[in-house]
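J.: This is my_file-v1.pdb (PDB, C-alpha atoms).
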MODEL        1
ATOM      1  CA  MET A   1     105.287  41.128  -9.608  1.00  0.00           C
ATOM      2  CA  PRO A   2     104.693  43.117  -6.409  1.00  0.00           C
ATOM      3  CA  PRO A   3     102.041  41.949  -3.946  1.00  0.00           C
ATOM      4  CA  LEU A   4      98.687  43.714  -3.750  1.00  0.00           C
ATOM      5  CA  VAL A   5      98.916  44.222   0.038  1.00  0.00           C
ATOM      6  CA  SER A   6     101.896  45.116   2.202  1.00  0.00           C
ATOM      7  CA  VAL A   7     101.281  44.149   5.815  1.00  0.00           C
ATOM      8  CA  ILE A   8     103.092  46.553   8.147  1.00  0.00           C
ATOM      9  CA  LEU A   9     104.049  44.932  11.463  1.00  0.00           C
ATOM     10  CA  PRO A  10     105.925  47.142  13.953  1.00  0.00           C
ATOM     11  CA  VAL A  11     107.294  45.220  16.921  1.00  0.00           C
ATOM     12  CA  TYR A  12     108.744  46.440  20.200  1.00  0.00           C
ATOM     13  CA  ASN A  13     109.149  43.756  22.861  1.00  0.00           C
ATOM     14  CA  GLY A  14     106.266  41.796  21.374  1.00  0.00           C
ATOM     15  CA  ALA A  15     107.717  38.301  21.828  1.00  0.00           C
ATOM     16  CA  ARG A  16     104.648  37.120  23.711  1.00  0.00           C
ATOM     17  CA  PHE A  17     102.242  37.733  20.820  1.00  0.00           C
ATOM     18  CA  VAL A  18     104.071  38.334  17.528  1.00  0.00           C
ATOM     19  CA  ALA A  19     104.098  34.722  16.306  1.00  0.00           C
ATOM     20  CA  GLU A  20     100.299  34.676  16.527  1.00  0.00           C
ATOM     21  CA  ALA A  21     100.097  37.967  14.626  1.00  0.00           C
ATOM     22  CA  VAL A  22     102.201  36.551  11.777  1.00  0.00           C
ATOM     23  CA  ALA A  23     100.240  33.283  11.834  1.00  0.00           C
ATOM     24  CA  SER A  24      97.036  35.280  11.361  1.00  0.00           C
ATOM     25  CA  VAL A  25      98.493  36.771   8.171  1.00  0.00           C
ATOM     26  CA  ARG A  26      99.558  33.343   6.920  1.00  0.00           C
ATOM     27  CA  ALA A  27      95.973  32.111   7.543  1.00  0.00           C
ATOM     28  CA  GLN A  28      94.367  34.760   5.317  1.00  0.00           C
ATOM     29  CA  THR A  29      92.037  33.548   2.573  1.00  0.00           C
ATOM     30  CA  PHE A  30      93.473  36.353   0.423  1.00  0.00           C
ATOM     31  CA  THR A  31      97.087  35.424  -0.271  1.00  0.00           C
ATOM     32  CA  ASP A  32      98.637  38.185  -2.402  1.00  0.00           C
ATOM     33  CA  TRP A  33     100.524  39.885   0.439  1.00  0.00           C
ATOM     34  CA  GLU A  34     103.948  40.549   1.886  1.00  0.00           C
ATOM     35  CA  VAL A  35     104.851  41.177   5.535  1.00  0.00           C
ATOM     36  CA  LEU A  36     107.269  43.926   6.496  1.00  0.00           C
ATOM     37  CA  ALA A  37     108.120  43.502  10.166  1.00  0.00           C
ATOM     38  CA  VAL A  38     110.141  46.185  11.930  1.00  0.00           C
ATOM     39  CA  ASP A  39     111.913  45.200  15.108  1.00  0.00           C
ATOM     40  CA  ASP A  40     112.013  48.593  16.808  1.00  0.00           C
ATOM     41  CA  GLY A  41     114.944  47.963  19.144  1.00  0.00           C
ATOM     42  CA  SER A  42     113.324  45.147  21.114  1.00  0.00           C
ATOM     43  CA  THR A  43     115.195  43.841  24.137  1.00  0.00           C
ATOM     44  CA  ASP A  44     113.258  40.561  24.293  1.00  0.00           C
ATOM     45  CA  ALA A  45     113.183  37.637  21.839  1.00  0.00           C
ATOM     46  CA  SER A  46     111.070  39.486  19.240  1.00  0.00           C
ATOM     47  CA  ALA A  47     113.768  39.576  16.533  1.00  0.00           C
ATOM     48  CA  ALA A  48     114.556  35.880  16.921  1.00  0.00           C
ATOM     49  CA  ILE A  49     110.864  34.985  16.744  1.00  0.00           C
ATOM     50  CA  LEU A  50     110.437  37.113  13.622  1.00  0.00           C
ATOM     51  CA  ARG A  51     113.440  35.442  11.980  1.00  0.00           C
ATOM     52  CA  GLY A  52     111.807  32.087  12.755  1.00  0.00           C
ATOM     53  CA  GLN A  53     108.533  33.232  11.229  1.00  0.00           C
ATOM     54  CA  ALA A  54     110.376  34.275   8.062  1.00  0.00           C
ATOM     55  CA  GLU A  55     111.536  30.680   7.611  1.00  0.00           C
ATOM     56  CA  HIS A  56     107.887  29.589   7.204  1.00  0.00           C
ATOM     57  CA  LEU A  57     107.296  31.910   4.254  1.00  0.00           C
ATOM     58  CA  ALA A  58     108.552  31.925   0.680  1.00  0.00           C
ATOM     59  CA  ALA A  59     111.337  34.328  -0.204  1.00  0.00           C
ATOM     60  CA  GLY A  60     110.074  37.852  -0.773  1.00  0.00           C
ATOM     61  CA  ARG A  61     106.969  37.371   1.360  1.00  0.00           C
ATOM     62  CA  PHE A  62     108.542  38.391   4.666  1.00  0.00           C
ATOM     63  CA  THR A  63     111.047  41.168   5.283  1.00  0.00           C
ATOM     64  CA  LEU A  64     112.536  41.819   8.704  1.00  0.00           C
ATOM     65  CA  LEU A  65     113.828  45.332   9.200  1.00  0.00           C
ATOM     66  CA  GLN A  66     115.668  46.273  12.383  1.00  0.00           C
ATOM     67  CA  GLN A  67     116.288  49.677  13.885  1.00  0.00           C
ATOM     68  CA  ALA A  68     117.025  51.326  17.217  1.00  0.00           C
ATOM     69  CA  ASN A  69     113.926  52.052  19.281  1.00  0.00           C
ATOM     70  CA  LEU A  70     112.385  55.054  17.525  1.00  0.00           C
ATOM     71  CA  GLY A  71     108.731  54.493  18.417  1.00  0.00           C
ATOM     72  CA  LEU A  72     105.640  53.100  16.737  1.00  0.00           C
ATOM     73  CA  ALA A  73     105.165  55.805  14.100  1.00  0.00           C
ATOM     74  CA  ARG A  74     108.776  55.675  12.942  1.00  0.00           C
ATOM     75  CA  ALA A  75     108.694  51.866  12.829  1.00  0.00           C
ATOM     76  CA  ARG A  76     105.573  51.974  10.657  1.00  0.00           C
ATOM     77  CA  ASN A  77     107.147  54.620   8.417  1.00  0.00           C
ATOM     78  CA  THR A  78     110.260  52.456   7.997  1.00  0.00           C
ATOM     79  CA  ALA A  79     108.111  49.571   6.802  1.00  0.00           C
ATOM     80  CA  VAL A  80     105.931  51.729   4.549  1.00  0.00           C
ATOM     81  CA  ALA A  81     109.063  53.074   2.857  1.00  0.00           C
ATOM     82  CA  ALA A  82     110.043  49.496   1.959  1.00  0.00           C
ATOM     83  CA  ALA A  83     106.525  48.351   1.001  1.00  0.00           C
ATOM     84  CA  ARG A  84     105.848  47.186  -2.547  1.00  0.00           C
ATOM     85  CA  GLY A  85     102.083  46.647  -2.358  1.00  0.00           C
ATOM     86  CA  GLU A  86      99.320  48.773  -3.811  1.00  0.00           C
ATOM     87  CA  TRP A  87      97.601  48.728  -0.414  1.00  0.00           C
ATOM     88  CA  VAL A  88      99.038  48.906   3.103  1.00  0.00           C
ATOM     89  CA  ALA A  89      97.484  47.019   6.017  1.00  0.00           C
ATOM     90  CA  LEU A  90      98.541  47.824   9.585  1.00  0.00           C
ATOM     91  CA  LEU A  91      98.894  44.983  12.077  1.00  0.00           C
ATOM     92  CA  ASP A  92     100.231  45.480  15.590  1.00  0.00           C
ATOM     93  CA  ALA A  93     102.330  42.744  17.206  1.00  0.00           C
ATOM     94  CA  ASP A  94      99.699  42.054  19.873  1.00  0.00           C
ATOM     95  CA  ASP A  95      96.818  41.738  17.407  1.00  0.00           C
ATOM     96  CA  ALA A  96      95.567  38.912  15.186  1.00  0.00           C
ATOM     97  CA  TRP A  97      93.304  38.975  12.152  1.00  0.00           C
ATOM     98  CA  GLU A  98      90.358  36.756  11.310  1.00  0.00           C
ATOM     99  CA  PRO A  99      91.104  34.667   8.167  1.00  0.00           C
ATOM    100  CA  ASP A 100      88.840  36.787   5.937  1.00  0.00           C
ATOM    101  CA  TYR A 101      90.141  40.168   7.158  1.00  0.00           C
ATOM    102  CA  LEU A 102      92.066  41.149   4.022  1.00  0.00           C
ATOM    103  CA  SER A 103      89.521  39.728   1.576  1.00  0.00           C
ATOM    104  CA  THR A 104      86.699  41.615   3.316  1.00  0.00           C
ATOM    105  CA  LEU A 105      88.535  44.946   3.288  1.00  0.00           C
ATOM    106  CA  LEU A 106      89.654  44.516  -0.314  1.00  0.00           C
ATOM    107  CA  ALA A 107      86.069  43.705  -1.355  1.00  0.00           C
ATOM    108  CA  ALA A 108      84.925  46.920   0.348  1.00  0.00           C
ATOM    109  CA  LEU A 109      87.604  48.884  -1.481  1.00  0.00           C
ATOM    110  CA  SER A 110      86.678  47.285  -4.812  1.00  0.00           C
ATOM    111  CA  SER A 111      83.019  48.183  -4.336  1.00  0.00           C
ATOM    112  CA  ALA A 112      83.917  51.860  -3.862  1.00  0.00           C
ATOM    113  CA  PRO A 113      86.381  52.785  -6.634  1.00  0.00           C
ATOM    114  CA  GLY A 114      87.034  56.247  -5.178  1.00  0.00           C
ATOM    115  CA  ALA A 115      87.906  54.893  -1.737  1.00  0.00           C
ATOM    116  CA  VAL A 116      91.424  55.382  -0.442  1.00  0.00           C
ATOM    117  CA  ALA A 117      91.083  53.457   2.830  1.00  0.00           C
ATOM    118  CA  ALA A 118      89.008  50.848   4.622  1.00  0.00           C
ATOM    119  CA  PHE A 119      88.947  49.726   8.219  1.00  0.00           C
ATOM    120  CA  ALA A 120      87.059  47.294  10.391  1.00  0.00           C
ATOM    121  CA  GLY A 121      85.741  46.825  13.889  1.00  0.00           C
ATOM    122  CA  TRP A 122      87.633  44.821  16.464  1.00  0.00           C
ATOM    123  CA  GLN A 123      87.264  42.354  19.299  1.00  0.00           C
ATOM    124  CA  TYR A 124      88.965  42.907  22.642  1.00  0.00           C
ATOM    125  CA  MET A 125      90.872  40.041  24.265  1.00  0.00           C
ATOM    126  CA  ASP A 126      92.312  39.520  27.718  1.00  0.00           C
ATOM    127  CA  ALA A 127      95.983  38.842  28.520  1.00  0.00           C
ATOM    128  CA  ALA A 128      95.424  35.095  28.051  1.00  0.00           C
ATOM    129  CA  GLY A 129      94.052  35.612  24.527  1.00  0.00           C
ATOM    130  CA  ARG A 130      90.415  34.942  25.421  1.00  0.00           C
ATOM    131  CA  ARG A 131      87.831  37.082  23.673  1.00  0.00           C
ATOM    132  CA  LEU A 132      86.062  39.544  25.919  1.00  0.00           C
ATOM    133  CA  PRO A 133      82.283  39.984  25.541  1.00  0.00           C
ATOM    134  CA  GLN A 134      82.625  43.451  24.047  1.00  0.00           C
ATOM    135  CA  ALA A 135      83.228  44.020  20.367  1.00  0.00           C
ATOM    136  CA  VAL A 136      83.486  47.256  18.474  1.00  0.00           C
ATOM    137  CA  VAL A 137      81.325  47.098  15.370  1.00  0.00           C
ATOM    138  CA  LEU A 138      81.507  50.021  13.025  1.00  0.00           C
ATOM    139  CA  PRO A 139      78.659  50.945  10.691  1.00  0.00           C
ATOM    140  CA  ALA A 140      79.201  50.445   6.982  1.00  0.00           C
ATOM    141  CA  SER A 141      79.405  53.669   5.039  1.00  0.00           C
ATOM    142  CA  ALA A 142      79.251  54.468   1.360  1.00  0.00           C
TER     143      ALA A 142
ENDMDL
END
Would you mind giving the structure from this file in structure tokens?
T.:
Amino acid sequence: MPPLVSVILPVYNGARFVAEAVASVRAQTFTDWEVLAVDDGSTDASAAILRGQAEHLAAGRFTLLQQANLGLARARNTAVAAARGEWVALLDADDAWEPDYLSTLLAALSSAPGAVAAFAGWQYMDAAGRRLPQAVVLPASA
């Protein structure tokens, strides 16, 4: 049975952060997901780190796709083409989700049957991973 959510993770030279991004998916309270990571021609250790992350997940939950550097949009499109989920969630290599991220967005989508997308605010962090005092909070809409 295909997962409900396909997490799209494009990576270009994201070795510094990508393990944390994948860990934030593994920590989700909602667990019916797959990760499709695209190594977009990285020249750092990104591909090796992604292969290591795949070892922590059951077969079929993590797919590593590799391509020459074609840019962010093409990397996302590569992953979307391979996605099996009903919903697609975008996660950049230098981002991390709160544990209830997917469950919150899916609840919003369920409460609005005609909705085709949902998105959330975000919290800025510095280079050391510390949260900055500013947060972007978006108003709820019907």
J.: Could you list, as a list of chain:residue names, every residue within 10 Å of Pro133 of chain A, counting only C-alpha atoms and ignoring same-chain residues fewer than 6 positions away?
T.: A:Gln123, A:Tyr124, A:Met125
J.: Of the residues A:Val116, A:Leu109, A:Ala15, A:Ala82, which is the one nearest to Gly52 of chain A, using only C-alpha atoms?
T.: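 Residue with the minimum atom-to-atom distance to Gly52 of chain A: A:Ala15.
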J.: Dig up all the protein and nucleic acid residues within 7 Å of (107.8, 45.8, 10.6) in the file frame, using all atoms listed in the file, and format them as a PDB file with C-alpha atoms, in the frame of the given file.
T.:
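Below is the file that was written, result-v5.pdb:
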ATOM      1  CA  ILE A   8     103.092  46.553   8.147  1.00  0.00           C
ATOM      2  CA  LEU A   9     104.049  44.932  11.463  1.00  0.00           C
ATOM      3  CA  PRO A  10     105.925  47.142  13.953  1.00  0.00           C
ATOM      4  CA  VAL A  11     107.294  45.220  16.921  1.00  0.00           C
ATOM      5  CA  LEU A  36     107.269  43.926   6.496  1.00  0.00           C
ATOM      6  CA  ALA A  37     108.120  43.502  10.166  1.00  0.00           C
ATOM      7  CA  VAL A  38     110.141  46.185  11.930  1.00  0.00           C
ATOM      8  CA  ASP A  39     111.913  45.200  15.108  1.00  0.00           C
ATOM      9  CA  LEU A  64     112.536  41.819   8.704  1.00  0.00           C
ATOM     10  CA  LEU A  65     113.828  45.332   9.200  1.00  0.00           C
ATOM     11  CA  ALA A  75     108.694  51.866  12.829  1.00  0.00           C
ATOM     12  CA  ARG A  76     105.573  51.974  10.657  1.00  0.00           C
ATOM     13  CA  ALA A  79     108.111  49.571   6.802  1.00  0.00           C
TER      14      ALA A  79
END
J.: Just say which residues the PyMOL selection byres ((chain A and resi 84) around 12) picks in this file, as a PDB file with C-alpha atoms, in the coordinates of the input.
T.:
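This went into selection-v7.pdb:
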ATOM      1  CA  MET A   1     105.287  41.128  -9.608  1.00  0.00           C
ATOM      2  CA  PRO A   2     104.693  43.117  -6.409  1.00  0.00           C
ATOM      3  CA  PRO A   3     102.041  41.949  -3.946  1.00  0.00           C
ATOM      4  CA  LEU A   4      98.687  43.714  -3.750  1.00  0.00           C
ATOM      5  CA  VAL A   5      98.916  44.222   0.038  1.00  0.00           C
ATOM      6  CA  SER A   6     101.896  45.116   2.202  1.00  0.00           C
ATOM      7  CA  VAL A   7     101.281  44.149   5.815  1.00  0.00           C
ATOM      8  CA  ILE A   8     103.092  46.553   8.147  1.00  0.00           C
ATOM      9  CA  ASP A  32      98.637  38.185  -2.402  1.00  0.00           C
ATOM     10  CA  TRP A  33     100.524  39.885   0.439  1.00  0.00           C
ATOM     11  CA  GLU A  34     103.948  40.549   1.886  1.00  0.00           C
ATOM     12  CA  VAL A  35     104.851  41.177   5.535  1.00  0.00           C
ATOM     13  CA  LEU A  36     107.269  43.926   6.496  1.00  0.00           C
ATOM     14  CA  GLY A  60     110.074  37.852  -0.773  1.00  0.00           C
ATOM     15  CA  ARG A  61     106.969  37.371   1.360  1.00  0.00           C
ATOM     16  CA  PHE A  62     108.542  38.391   4.666  1.00  0.00           C
ATOM     17  CA  THR A  63     111.047  41.168   5.283  1.00  0.00           C
ATOM     18  CA  ALA A  79     108.111  49.571   6.802  1.00  0.00           C
ATOM     19  CA  VAL A  80     105.931  51.729   4.549  1.00  0.00           C
ATOM     20  CA  ALA A  81     109.063  53.074   2.857  1.00  0.00           C
ATOM     21  CA  ALA A  82     110.043  49.496   1.959  1.00  0.00           C
ATOM     22  CA  ALA A  83     106.525  48.351   1.001  1.00  0.00           C
ATOM     23  CA  GLY A  85     102.083  46.647  -2.358  1.00  0.00           C
ATOM     24  CA  GLU A  86      99.320  48.773  -3.811  1.00  0.00           C
ATOM     25  CA  TRP A  87      97.601  48.728  -0.414  1.00  0.00           C
ATOM     26  CA  VAL A  88      99.038  48.906   3.103  1.00  0.00           C
ATOM     27  CA  ALA A  89      97.484  47.019   6.017  1.00  0.00           C
TER      28      ALA A  89
END
J.: Show me, as a PyMOL selection string, the residues that have an atom within 10 Å of Ser103 of chain A when counting all atoms listed in the file, minus same-chain residues fewer than 4 positions from it.
T.: chain A and resi 28-31+99+107-109
J.: Could you please take those selected residues and save C-alpha atoms as a PDB file, in the frame of the given file?
T.:
ATOM      1  CA  GLN A  28      94.367  34.760   5.317  1.00  0.00           C
ATOM      2  CA  THR A  29      92.037  33.548   2.573  1.00  0.00           C
ATOM      3  CA  PHE A  30      93.473  36.353   0.423  1.00  0.00           C
ATOM      4  CA  THR A  31      97.087  35.424  -0.271  1.00  0.00           C
ATOM      5  CA  PRO A  99      91.104  34.667   8.167  1.00  0.00           C
ATOM      6  CA  ALA A 107      86.069  43.705  -1.355  1.00  0.00           C
ATOM      7  CA  ALA A 108      84.925  46.920   0.348  1.00  0.00           C
ATOM      8  CA  LEU A 109      87.604  48.884  -1.481  1.00  0.00           C
TER       9      LEU A 109
END
J.: How would segment 36-142 of chain A look written as a tab-separated table (two decimals), in the first residue's frame with C-alpha atoms?
T.:
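As a result, decode.tsv now contains:
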chain	number	residue	atom	x	y	z
A	36	LEU	CA	12.48	10.61	-1.64
A	37	ALA	CA	15.89	12.26	-1.39
A	38	VAL	CA	17.55	13.58	-4.54
A	39	ASP	CA	21.28	14.10	-4.42
A	40	ASP	CA	21.57	16.85	-7.03
A	41	GLY	CA	25.22	16.34	-7.97
A	42	SER	CA	26.66	17.12	-4.54
A	43	THR	CA	30.43	17.32	-4.25
A	44	ASP	CA	30.46	16.89	-0.46
A	45	ALA	CA	29.46	13.88	1.67
A	46	SER	CA	25.70	14.36	1.13
A	47	ALA	CA	25.17	11.11	-0.81
A	48	ALA	CA	27.06	9.04	1.75
A	49	ILE	CA	25.09	10.61	4.60
A	50	LEU	CA	21.82	9.92	2.79
A	51	ARG	CA	22.81	6.29	2.21
A	52	GLY	CA	23.50	6.04	5.95
A	53	GLN	CA	20.12	7.53	6.76
A	54	ALA	CA	18.45	4.96	4.50
A	55	GLU	CA	19.88	2.19	6.68
A	56	HIS	CA	17.82	3.48	9.63
A	57	LEU	CA	14.53	3.10	7.78
A	58	ALA	CA	12.53	0.08	6.65
A	59	ALA	CA	12.71	-0.88	2.99
A	60	GLY	CA	10.46	1.26	0.83
A	61	ARG	CA	10.45	4.18	3.25
A	62	PHE	CA	13.54	5.91	1.88
A	63	THR	CA	14.58	6.26	-1.75
A	64	LEU	CA	17.83	7.93	-2.76
A	65	LEU	CA	17.86	9.27	-6.29
A	66	GLN	CA	21.03	10.73	-7.77
A	67	GLN	CA	21.47	13.05	-10.71
A	68	ALA	CA	23.91	15.60	-12.10
A	69	ASN	CA	23.47	19.08	-10.66
A	70	LEU	CA	20.33	20.35	-12.37
A	71	GLY	CA	19.08	22.75	-9.70
A	72	LEU	CA	16.47	22.75	-6.96
A	73	ALA	CA	13.36	22.70	-9.15
A	74	ARG	CA	14.59	19.80	-11.28
A	75	ALA	CA	15.64	17.86	-8.17
A	76	ARG	CA	12.17	18.32	-6.68
A	77	ASN	CA	10.55	17.31	-9.98
A	78	THR	CA	12.69	14.15	-10.09
A	79	ALA	CA	11.45	13.17	-6.65
A	80	VAL	CA	7.82	14.07	-7.36
A	81	ALA	CA	7.91	11.85	-10.46
A	82	ALA	CA	8.90	8.90	-8.24
A	83	ALA	CA	6.52	9.74	-5.38
A	84	ARG	CA	3.80	7.27	-4.43
A	85	GLY	CA	1.95	9.29	-1.79
A	86	GLU	CA	-1.39	11.02	-2.05
A	87	TRP	CA	0.21	14.17	-0.64
A	88	VAL	CA	3.65	15.69	-1.24
A	89	ALA	CA	5.55	17.51	1.51
A	90	LEU	CA	8.61	19.60	0.64
A	91	LEU	CA	11.59	19.56	2.99
A	92	ASP	CA	14.87	21.30	2.20
A	93	ALA	CA	18.14	19.75	3.36
A	94	ASP	CA	18.87	22.63	5.74
A	95	ASP	CA	15.45	22.55	7.40
A	96	ALA	CA	13.92	20.42	10.16
A	97	TRP	CA	10.31	19.81	11.10
A	98	GLU	CA	8.67	19.85	14.51
A	99	PRO	CA	7.36	16.35	15.41
A	100	ASP	CA	3.71	17.29	14.77
A	101	TYR	CA	4.34	19.03	11.43
A	102	LEU	CA	2.76	16.40	9.17
A	103	SER	CA	-0.12	15.58	11.53
A	104	THR	CA	-1.00	19.28	11.84
A	105	LEU	CA	-1.00	19.88	8.08
A	106	LEU	CA	-2.96	16.70	7.38
A	107	ALA	CA	-5.55	17.69	10.01
A	108	ALA	CA	-5.91	21.07	8.27
A	109	LEU	CA	-6.38	19.34	4.93
A	110	SER	CA	-8.94	16.93	6.39
A	111	SER	CA	-10.95	19.80	7.85
A	112	ALA	CA	-11.22	21.44	4.41
A	113	PRO	CA	-12.20	18.70	1.93
A	114	GLY	CA	-11.79	21.00	-1.08
A	115	ALA	CA	-8.26	22.03	-0.12
A	116	VAL	CA	-5.41	21.08	-2.42
A	117	ALA	CA	-2.53	22.40	-0.31
A	118	ALA	CA	-1.55	23.44	3.20
A	119	PHE	CA	1.49	25.22	4.53
A	120	ALA	CA	2.81	26.48	7.83
A	121	GLY	CA	4.85	29.25	9.36
A	122	TRP	CA	8.51	28.80	10.16
A	123	GLN	CA	11.22	29.59	12.67
A	124	TYR	CA	14.56	31.03	11.60
A	125	MET	CA	17.77	29.53	12.98
A	126	ASP	CA	21.38	30.65	12.94
A	127	ALA	CA	24.30	28.71	11.44
A	128	ALA	CA	24.78	26.84	14.73
A	129	GLY	CA	21.16	25.63	14.73
A	130	ARG	CA	19.97	27.97	17.48
A	131	ARG	CA	16.50	29.41	17.07
A	132	LEU	CA	16.42	33.12	16.36
A	133	PRO	CA	13.83	35.28	18.16
A	134	GLN	CA	11.82	35.87	15.01
A	135	ALA	CA	9.20	33.45	13.79
A	136	VAL	CA	6.91	33.71	10.83
A	137	VAL	CA	3.36	32.89	11.87
A	138	LEU	CA	0.78	32.75	9.15
A	139	PRO	CA	-2.91	33.36	9.81
A	140	ALA	CA	-5.26	30.41	9.49
A	141	SER	CA	-7.61	30.67	6.56
A	142	ALA	CA	-10.74	28.80	5.60
